[in-house]
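Engineer: File target-v1.cif follows (mmCIF, N, CA and C atoms):
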```cif
data_query
loop_
_atom_site.label_atom_id
_atom_site.label_comp_id
_atom_site.auth_asym_id
_atom_site.auth_seq_id
_atom_site.Cartn_x
_atom_site.Cartn_y
_atom_site.Cartn_z
N MET R 1 59.24 184.36 96.30
CA MET R 1 58.57 184.16 95.03
C MET R 1 58.04 185.51 94.55
N LYS R 2 58.19 185.77 93.30
CA LYS R 2 57.64 186.99 92.71
C LYS R 2 56.17 186.78 92.39
N ASP R 3 55.40 187.86 92.43
CA ASP R 3 53.98 187.79 92.07
C ASP R 3 53.85 187.48 90.59
N PHE R 4 52.85 186.70 90.26
CA PHE R 4 52.59 186.39 88.87
C PHE R 4 51.13 185.97 88.72
N ILE R 5 50.68 185.93 87.50
CA ILE R 5 49.33 185.45 87.18
C ILE R 5 49.50 184.21 86.33
N PHE R 6 48.85 183.16 86.75
CA PHE R 6 48.86 181.91 86.01
C PHE R 6 47.47 181.67 85.46
N ARG R 7 47.36 181.42 84.19
CA ARG R 7 46.07 181.15 83.56
C ARG R 7 46.08 179.72 83.05
N ASN R 8 45.08 178.97 83.44
CA ASN R 8 44.96 177.57 83.05
C ASN R 8 43.51 177.33 82.64
N ASP R 9 43.26 177.44 81.37
CA ASP R 9 41.89 177.36 80.88
C ASP R 9 41.28 175.98 81.03
N THR R 10 40.11 175.94 81.58
CA THR R 10 39.26 174.77 81.57
C THR R 10 37.96 175.20 80.93
N ARG R 11 37.54 174.51 79.93
CA ARG R 11 36.30 174.88 79.25
C ARG R 11 35.20 173.90 79.64
N LEU R 12 34.10 174.43 80.05
CA LEU R 12 32.90 173.64 80.32
C LEU R 12 31.91 173.98 79.23
N LEU R 13 31.57 173.01 78.42
CA LEU R 13 30.70 173.25 77.27
C LEU R 13 29.34 172.62 77.52
N PHE R 14 28.31 173.41 77.43
CA PHE R 14 26.94 172.93 77.55
C PHE R 14 26.26 173.23 76.23
N CYS R 15 26.14 172.22 75.40
CA CYS R 15 25.61 172.44 74.05
C CYS R 15 24.64 171.32 73.69
N ASN R 16 23.66 171.67 72.87
CA ASN R 16 22.78 170.65 72.34
C ASN R 16 23.47 169.85 71.25
N ASP R 17 24.34 170.50 70.47
CA ASP R 17 25.12 169.80 69.44
C ASP R 17 26.58 170.18 69.63
N ILE R 18 27.33 169.31 70.24
CA ILE R 18 28.70 169.57 70.62
C ILE R 18 29.70 169.21 69.53
N ARG R 19 29.24 168.53 68.50
CA ARG R 19 30.16 167.93 67.54
C ARG R 19 31.12 168.93 66.88
N GLU R 20 30.62 170.01 66.37
CA GLU R 20 31.48 170.97 65.68
C GLU R 20 32.45 171.64 66.66
N THR R 21 31.96 171.95 67.84
CA THR R 21 32.79 172.60 68.85
C THR R 21 33.94 171.69 69.27
N VAL R 22 33.65 170.42 69.52
CA VAL R 22 34.68 169.47 69.93
C VAL R 22 35.74 169.33 68.85
N ALA R 23 35.34 169.20 67.62
CA ALA R 23 36.30 169.05 66.52
C ALA R 23 37.20 170.28 66.43
N GLY R 24 36.64 171.45 66.68
CA GLY R 24 37.43 172.68 66.61
C GLY R 24 38.47 172.80 67.71
N ILE R 25 38.08 172.49 68.95
CA ILE R 25 39.03 172.65 70.05
C ILE R 25 40.03 171.50 70.14
N ALA R 26 39.71 170.36 69.55
CA ALA R 26 40.61 169.21 69.63
C ALA R 26 41.52 169.06 68.40
N LYS R 27 41.40 169.96 67.45
CA LYS R 27 42.21 169.90 66.24
C LYS R 27 43.69 169.88 66.62
N ASP R 28 44.44 169.01 65.97
CA ASP R 28 45.88 168.86 66.19
C ASP R 28 46.25 168.37 67.58
N LYS R 29 45.33 167.71 68.26
CA LYS R 29 45.58 167.16 69.59
C LYS R 29 45.43 165.64 69.55
N LYS R 30 45.95 164.97 70.57
CA LYS R 30 45.65 163.56 70.81
C LYS R 30 44.84 163.55 72.09
N VAL R 31 43.63 163.05 72.01
CA VAL R 31 42.62 163.21 73.06
C VAL R 31 42.43 161.93 73.86
N MET R 32 42.17 162.10 75.15
CA MET R 32 41.68 161.00 75.96
C MET R 32 40.27 161.40 76.41
N VAL R 33 39.30 160.58 76.05
CA VAL R 33 37.91 160.81 76.43
C VAL R 33 37.67 160.06 77.74
N VAL R 34 37.34 160.81 78.78
CA VAL R 34 37.12 160.25 80.12
C VAL R 34 35.61 160.22 80.38
N TYR R 35 35.11 159.07 80.78
CA TYR R 35 33.70 158.96 81.13
C TYR R 35 33.55 158.00 82.29
N GLY R 36 32.40 158.00 82.90
CA GLY R 36 32.19 157.22 84.11
C GLY R 36 31.55 155.88 83.89
N GLY R 37 30.45 155.66 84.61
CA GLY R 37 29.80 154.36 84.62
C GLY R 37 28.91 154.06 83.44
N GLY R 38 28.74 154.96 82.53
CA GLY R 38 27.95 154.64 81.35
C GLY R 38 26.85 155.61 80.99
N SER R 39 26.54 156.59 81.87
CA SER R 39 25.45 157.52 81.54
C SER R 39 25.79 158.34 80.30
N ALA R 40 27.07 158.66 80.09
CA ALA R 40 27.46 159.41 78.89
C ALA R 40 27.18 158.59 77.63
N LYS R 41 27.27 157.29 77.74
CA LYS R 41 26.93 156.44 76.59
C LYS R 41 25.42 156.36 76.42
N ARG R 42 24.69 156.24 77.53
CA ARG R 42 23.23 156.13 77.44
C ARG R 42 22.58 157.41 76.94
N ASN R 43 23.11 158.57 77.32
CA ASN R 43 22.46 159.83 76.91
C ASN R 43 22.98 160.39 75.59
N GLY R 44 23.95 159.72 74.96
CA GLY R 44 24.43 160.13 73.64
C GLY R 44 25.64 161.05 73.65
N CYS R 45 26.03 161.54 74.80
CA CYS R 45 27.17 162.45 74.90
C CYS R 45 28.46 161.79 74.38
N TYR R 46 28.69 160.57 74.79
CA TYR R 46 29.87 159.82 74.36
C TYR R 46 29.90 159.70 72.83
N ASP R 47 28.76 159.30 72.24
CA ASP R 47 28.69 159.14 70.78
C ASP R 47 28.92 160.47 70.06
N ASP R 48 28.38 161.56 70.60
CA ASP R 48 28.60 162.87 69.99
C ASP R 48 30.07 163.24 69.98
N ILE R 49 30.75 163.05 71.11
CA ILE R 49 32.15 163.43 71.22
C ILE R 49 33.03 162.52 70.37
N THR R 50 32.91 161.22 70.55
CA THR R 50 33.77 160.31 69.79
C THR R 50 33.46 160.36 68.29
N GLY R 51 32.20 160.56 67.95
CA GLY R 51 31.84 160.71 66.54
C GLY R 51 32.48 161.93 65.91
N ALA R 52 32.47 163.04 66.65
CA ALA R 52 33.09 164.27 66.14
C ALA R 52 34.59 164.08 65.97
N LEU R 53 35.22 163.40 66.92
CA LEU R 53 36.66 163.15 66.82
C LEU R 53 36.98 162.24 65.64
N LYS R 54 36.18 161.19 65.45
CA LYS R 54 36.38 160.28 64.32
C LYS R 54 36.19 161.01 62.99
N ASP R 55 35.10 161.78 62.89
CA ASP R 55 34.81 162.51 61.64
C ASP R 55 35.91 163.49 61.27
N ALA R 56 36.58 164.07 62.29
CA ALA R 56 37.64 165.04 62.05
C ALA R 56 39.03 164.39 62.02
N ASP R 57 39.07 163.06 62.05
CA ASP R 57 40.34 162.31 62.04
C ASP R 57 41.27 162.73 63.18
N ILE R 58 40.68 162.95 64.35
CA ILE R 58 41.45 163.31 65.53
C ILE R 58 41.68 162.03 66.34
N PRO R 59 42.94 161.68 66.59
CA PRO R 59 43.21 160.45 67.34
C PRO R 59 42.76 160.58 68.79
N PHE R 60 42.20 159.50 69.33
CA PHE R 60 41.78 159.52 70.73
C PHE R 60 41.84 158.13 71.34
N VAL R 61 41.93 158.12 72.66
CA VAL R 61 41.83 156.91 73.45
C VAL R 61 40.72 157.13 74.46
N GLU R 62 40.20 156.04 74.97
CA GLU R 62 39.10 156.13 75.95
C GLU R 62 39.59 155.76 77.33
N TYR R 63 38.99 156.38 78.33
CA TYR R 63 39.20 155.97 79.71
C TYR R 63 37.83 155.93 80.37
N GLY R 64 37.22 154.76 80.38
CA GLY R 64 35.90 154.59 80.97
C GLY R 64 35.98 154.12 82.41
N GLY R 65 34.89 154.23 83.11
CA GLY R 65 34.83 153.81 84.50
C GLY R 65 35.50 154.78 85.45
N SER R 66 35.69 156.01 85.00
CA SER R 66 36.34 157.02 85.82
C SER R 66 35.51 157.33 87.07
N SER R 67 36.20 157.69 88.13
CA SER R 67 35.53 158.09 89.36
C SER R 67 36.47 158.97 90.16
N ARG R 68 36.02 159.43 91.32
CA ARG R 68 36.86 160.24 92.19
C ARG R 68 37.82 159.39 93.02
N GLU R 69 37.79 158.09 92.85
CA GLU R 69 38.71 157.23 93.58
C GLU R 69 40.14 157.53 93.11
N PHE R 70 41.02 157.72 94.09
CA PHE R 70 42.38 158.13 93.78
C PHE R 70 43.08 157.12 92.86
N ALA R 71 42.87 155.84 93.09
CA ALA R 71 43.49 154.81 92.25
C ALA R 71 43.05 154.94 90.79
N LYS R 72 41.78 155.26 90.57
CA LYS R 72 41.27 155.42 89.20
C LYS R 72 41.87 156.67 88.54
N ILE R 73 42.06 157.73 89.33
CA ILE R 73 42.68 158.95 88.79
C ILE R 73 44.12 158.67 88.41
N GLU R 74 44.86 157.97 89.27
CA GLU R 74 46.24 157.62 88.96
C GLU R 74 46.32 156.72 87.72
N GLU R 75 45.39 155.79 87.60
CA GLU R 75 45.33 154.93 86.42
C GLU R 75 45.08 155.76 85.16
N GLY R 76 44.20 156.74 85.26
CA GLY R 76 43.93 157.62 84.13
C GLY R 76 45.15 158.43 83.72
N ILE R 77 45.92 158.89 84.71
CA ILE R 77 47.15 159.62 84.42
C ILE R 77 48.13 158.71 83.67
N ARG R 78 48.28 157.48 84.15
CA ARG R 78 49.18 156.53 83.49
C ARG R 78 48.71 156.24 82.06
N THR R 79 47.41 156.11 81.87
CA THR R 79 46.85 155.86 80.53
C THR R 79 47.15 157.03 79.60
N ALA R 80 46.95 158.24 80.09
CA ALA R 80 47.22 159.43 79.28
C ALA R 80 48.70 159.51 78.90
N LYS R 81 49.58 159.27 79.86
CA LYS R 81 51.02 159.33 79.58
C LYS R 81 51.44 158.23 78.61
N ALA R 82 50.93 157.04 78.80
CA ALA R 82 51.30 155.92 77.93
C ALA R 82 50.87 156.14 76.48
N ASN R 83 49.83 156.94 76.29
CA ASN R 83 49.30 157.18 74.95
C ASN R 83 49.67 158.54 74.38
N GLY R 84 50.50 159.31 75.07
CA GLY R 84 50.94 160.60 74.56
C GLY R 84 49.81 161.59 74.36
N VAL R 85 48.85 161.57 75.27
CA VAL R 85 47.67 162.44 75.18
C VAL R 85 48.08 163.91 75.35
N THR R 86 47.45 164.79 74.59
CA THR R 86 47.70 166.23 74.73
C THR R 86 46.44 166.99 75.14
N MET R 87 45.31 166.30 75.25
CA MET R 87 44.06 166.92 75.68
C MET R 87 43.19 165.86 76.33
N ILE R 88 42.55 166.24 77.42
CA ILE R 88 41.62 165.34 78.09
C ILE R 88 40.23 165.96 78.02
N ILE R 89 39.26 165.17 77.56
CA ILE R 89 37.87 165.60 77.51
C ILE R 89 37.07 164.73 78.47
N GLY R 90 36.45 165.34 79.46
CA GLY R 90 35.59 164.63 80.38
C GLY R 90 34.16 164.68 79.87
N ALA R 91 33.52 163.54 79.79
CA ALA R 91 32.13 163.46 79.32
C ALA R 91 31.30 162.84 80.42
N GLY R 92 30.58 163.68 81.15
CA GLY R 92 29.76 163.16 82.24
C GLY R 92 29.46 164.22 83.27
N GLY R 93 29.20 163.76 84.46
CA GLY R 93 28.81 164.65 85.54
C GLY R 93 29.99 165.12 86.38
N ALA R 94 29.68 165.52 87.62
CA ALA R 94 30.67 166.12 88.50
C ALA R 94 31.85 165.21 88.79
N SER R 95 31.61 163.94 89.06
CA SER R 95 32.71 163.02 89.36
C SER R 95 33.66 162.88 88.18
N VAL R 96 33.11 162.78 87.00
CA VAL R 96 33.94 162.67 85.80
C VAL R 96 34.73 163.96 85.58
N MET R 97 34.07 165.10 85.75
CA MET R 97 34.77 166.37 85.56
C MET R 97 35.90 166.52 86.57
N ASP R 98 35.64 166.19 87.83
CA ASP R 98 36.67 166.27 88.86
C ASP R 98 37.84 165.36 88.53
N SER R 99 37.56 164.13 88.15
CA SER R 99 38.65 163.20 87.87
C SER R 99 39.41 163.61 86.61
N ALA R 100 38.73 164.08 85.58
CA ALA R 100 39.40 164.50 84.35
C ALA R 100 40.34 165.68 84.62
N LYS R 101 39.90 166.63 85.45
CA LYS R 101 40.76 167.77 85.78
C LYS R 101 42.00 167.31 86.55
N LEU R 102 41.81 166.39 87.50
CA LEU R 102 42.96 165.90 88.27
C LEU R 102 43.90 165.07 87.40
N MET R 103 43.35 164.33 86.44
CA MET R 103 44.21 163.59 85.51
C MET R 103 45.07 164.55 84.70
N ALA R 104 44.46 165.61 84.21
CA ALA R 104 45.21 166.60 83.43
C ALA R 104 46.28 167.26 84.29
N PHE R 105 45.95 167.60 85.52
CA PHE R 105 46.91 168.21 86.43
C PHE R 105 48.05 167.24 86.74
N GLY R 106 47.69 166.01 87.08
CA GLY R 106 48.69 165.01 87.42
C GLY R 106 49.58 164.61 86.25
N TYR R 107 49.07 164.75 85.06
CA TYR R 107 49.84 164.43 83.85
C TYR R 107 51.13 165.25 83.80
N TYR R 108 51.04 166.51 84.22
CA TYR R 108 52.17 167.43 84.10
C TYR R 108 52.97 167.60 85.39
N HIS R 109 52.60 166.95 86.46
CA HIS R 109 53.28 167.12 87.74
C HIS R 109 53.78 165.77 88.25
N GLU R 110 55.08 165.70 88.47
CA GLU R 110 55.69 164.46 88.93
C GLU R 110 55.59 164.30 90.44
N SER R 111 55.36 165.40 91.16
CA SER R 111 55.23 165.32 92.61
C SER R 111 53.99 164.53 92.99
N ASP R 112 53.89 164.18 94.25
CA ASP R 112 52.78 163.39 94.75
C ASP R 112 51.46 164.15 94.63
N LEU R 113 50.57 163.67 93.80
CA LEU R 113 49.28 164.32 93.60
C LEU R 113 48.47 164.34 94.89
N TRP R 114 48.62 163.32 95.71
CA TRP R 114 47.89 163.26 96.97
C TRP R 114 48.29 164.42 97.89
N ASP R 115 49.58 164.80 97.86
CA ASP R 115 50.02 165.96 98.65
C ASP R 115 49.30 167.22 98.19
N TYR R 116 49.16 167.36 96.89
CA TYR R 116 48.45 168.53 96.35
C TYR R 116 47.01 168.54 96.84
N LEU R 117 46.34 167.40 96.77
CA LEU R 117 44.94 167.32 97.18
C LEU R 117 44.76 167.61 98.66
N LYS R 118 45.75 167.27 99.47
CA LYS R 118 45.69 167.53 100.91
C LYS R 118 46.10 168.95 101.25
N GLY R 119 46.51 169.73 100.26
CA GLY R 119 46.84 171.13 100.48
C GLY R 119 48.27 171.39 100.88
N LYS R 120 49.14 170.39 100.77
CA LYS R 120 50.55 170.61 101.08
C LYS R 120 51.17 171.46 99.98
N PRO R 121 52.05 172.36 100.35
CA PRO R 121 52.65 173.27 99.34
C PRO R 121 53.77 172.62 98.54
N SER R 122 53.60 171.37 98.12
CA SER R 122 54.64 170.67 97.37
C SER R 122 54.71 171.07 95.91
N TYR R 123 53.79 171.87 95.45
CA TYR R 123 53.79 172.28 94.04
C TYR R 123 54.23 173.73 93.89
N GLY R 124 54.89 174.29 94.91
CA GLY R 124 55.35 175.66 94.82
C GLY R 124 54.24 176.67 95.04
N LEU R 125 53.11 176.22 95.54
CA LEU R 125 52.00 177.12 95.80
C LEU R 125 52.11 177.61 97.24
N GLU R 126 52.40 178.86 97.42
CA GLU R 126 52.49 179.43 98.76
C GLU R 126 51.10 179.72 99.26
N ARG R 127 50.80 179.30 100.46
CA ARG R 127 49.49 179.53 101.03
C ARG R 127 49.13 181.01 101.14
N THR R 128 50.12 181.86 101.35
CA THR R 128 49.85 183.29 101.48
C THR R 128 49.34 183.89 100.17
N CYS R 129 49.65 183.26 99.05
CA CYS R 129 49.22 183.77 97.75
C CYS R 129 47.78 183.37 97.43
N LEU R 130 47.23 182.45 98.19
CA LEU R 130 45.91 181.91 97.86
C LEU R 130 44.78 182.61 98.62
N ARG R 131 45.05 183.76 99.18
CA ARG R 131 44.01 184.49 99.93
C ARG R 131 42.96 185.06 99.03
#
```
Now that the file is in, can you turn its structure into structure tokens?

Structural biologist:
Amino acid sequence: MKDFIFRNDTRLLFCNDIRETVAGIAKDKKVMVVYGGGSAKRNGCYDDITGALKDADIPFVEYGGSSREFAKIEEGIRTAKANGVTMIIGAGGASVMDSAKLMAFGYYHESDLWDYLKGKPSYGLERTCLR
């Protein structure tokens, strides 16, 4: 394998008013909003994100009840694929962020996601390159 640099942007946004920022980064995308057990709805984060998407006429689907459970992550990947999602926004804490990132990764990889999580080099990632 030849040496290369791979850049895969993940943005973590910490804002008091996220609405304008979300509309800007999600423009021309089809979004899946991932959230967990409901704290994002209770604290207003969910309303801010979905409201911004609605106001900007950005199509989106929801995936609630997300967790680090592998079955829920696989279900989220299937939901994203079935709806032609081009962007995933996680709204919540660490579990939601972890699951949203894995859903996005799994969306584009047909190989066994569980192999990737266990560190098997099934995705062309050579262990020697990860030093």

Engineer: Identify, on the basis of all atoms listed in the file, every residue whose closest approach to region 86-96 of chain R does not exceed 6 Å; exclude the query and any residue fewer than 3 positions from it along the same chain; express the result as a short mmCIF file (atom, residue, chain, number, x, y, z; two decimals) with N, CA and C atoms, in the coordinates of the input.

Structural biologist:
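selection_7.cif was written with the following content:
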```
data_model
loop_
_atom_site.label_atom_id
_atom_site.label_comp_id
_atom_site.auth_asym_id
_atom_site.auth_seq_id
_atom_site.Cartn_x
_atom_site.Cartn_y
_atom_site.Cartn_z
N LYS R 29 45.33 167.71 68.26
CA LYS R 29 45.58 167.16 69.59
C LYS R 29 45.43 165.64 69.55
N LYS R 30 45.95 164.97 70.57
CA LYS R 30 45.65 163.56 70.81
C LYS R 30 44.84 163.55 72.09
N VAL R 31 43.63 163.05 72.01
CA VAL R 31 42.62 163.21 73.06
C VAL R 31 42.43 161.93 73.86
N MET R 32 42.17 162.10 75.15
CA MET R 32 41.68 161.00 75.96
C MET R 32 40.27 161.40 76.41
N VAL R 33 39.30 160.58 76.05
CA VAL R 33 37.91 160.81 76.43
C VAL R 33 37.67 160.06 77.74
N VAL R 34 37.34 160.81 78.78
CA VAL R 34 37.12 160.25 80.12
C VAL R 34 35.61 160.22 80.38
N TYR R 35 35.11 159.07 80.78
CA TYR R 35 33.70 158.96 81.13
C TYR R 35 33.55 158.00 82.29
N GLY R 36 32.40 158.00 82.90
CA GLY R 36 32.19 157.22 84.11
C GLY R 36 31.55 155.88 83.89
N ALA R 40 27.07 158.66 80.09
CA ALA R 40 27.46 159.41 78.89
C ALA R 40 27.18 158.59 77.63
N SER R 66 35.69 156.01 85.00
CA SER R 66 36.34 157.02 85.82
C SER R 66 35.51 157.33 87.07
N SER R 67 36.20 157.69 88.13
CA SER R 67 35.53 158.09 89.36
C SER R 67 36.47 158.97 90.16
N ARG R 68 36.02 159.43 91.32
CA ARG R 68 36.86 160.24 92.19
C ARG R 68 37.82 159.39 93.02
N SER R 99 37.56 164.13 88.15
CA SER R 99 38.65 163.20 87.87
C SER R 99 39.41 163.61 86.61
N ALA R 100 38.73 164.08 85.58
CA ALA R 100 39.40 164.50 84.35
C ALA R 100 40.34 165.68 84.62
N LYS R 101 39.90 166.63 85.45
CA LYS R 101 40.76 167.77 85.78
C LYS R 101 42.00 167.31 86.55
#
```

Engineer: Any chance you could work out the residue set of the PyMOL selection byres (((chain R and resi 12 and name CA) around 10) and name CA) here, as a ChimeraX atom specification?

Structural biologist: /R:9-11,13-15,89-90,97

Engineer: Could you write out, as a ChimeraX atom specification, all the residues of chain R that DSSP marks as alpha helix (DSSP H)?

Structural biologist: /R:19-26,39-42,45-55,70-82,94-107,113-117

Engineer: Nearest to Val85 (chain R) among R:Ala71, R:Val61, R:Asp3, R:Asp115, with distances taken over all atoms listed in the file: which residue is it?

Structural biologist: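 Closest to Val85 (chain R) of all the choices is R:Val61.
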
Engineer: Work out how far atom N of Gly84 (chain R) is from CA of Asp57 (chain R), in Å to one decimal.

Structural biologist: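 Computing the Euclidean distance for CA of Asp57 (chain R) and atom N of Gly84 (chain R) yields 16.8 Å.
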
Engineer: Can you tell me how far atom C of Arg19 (chain R) sits from CA of Ala52 (chain R), in Å to one decimal?

Structural biologist: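 The value is 5.1 Å.
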
Engineer: I'd like the contact shell of Phe105 (chain R) - 12 Å cut-off, only C-alpha atoms, skipping same-chain residues fewer than 6 positions apart - returned as a PyMOL selection string.

Structural biologist: chain R and resi 8-10+73-74+76-77+80-81+86-88+98-99+111-114+116-117+123

Engineer: Would you work out the distance separating atom C of Gly64 (chain R) from CA of Lys41 (chain R), expressed in Å to one decimal?

Structural biologist: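 If I compute the distance from atom C of Gly64 (chain R) to CA of Lys41 (chain R), I get 11.0 Å.
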
Engineer: Can you find the residues with an atom no farther than 12 Å from (38.4, 164.3, 64.7), counting only C-alpha atoms, and report them as a list in words?

Structural biologist: Arg19, Glu20, Thr21, Val22, Ala23, Gly24, Ile25, Ala26, Lys27, Asp28, Lys29, Lys30, Val31, Asp48, Ile49, Thr50, Gly51, Ala52, Leu53, Lys54, Asp55, Ala56, Asp57, Ile58, Pro59, Phe60 and Val61 of chain R

Engineer: I'd like to know which of R:Asn83, R:Gly65, R:Glu110, R:Lys72 is closest to Gly37 (chain R), using only N, CA and C atoms.

Structural biologist: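 Ranking R:Asn83, R:Gly65, R:Glu110, R:Lys72 by distance to Gly37 (chain R), first place goes to R:Gly65.
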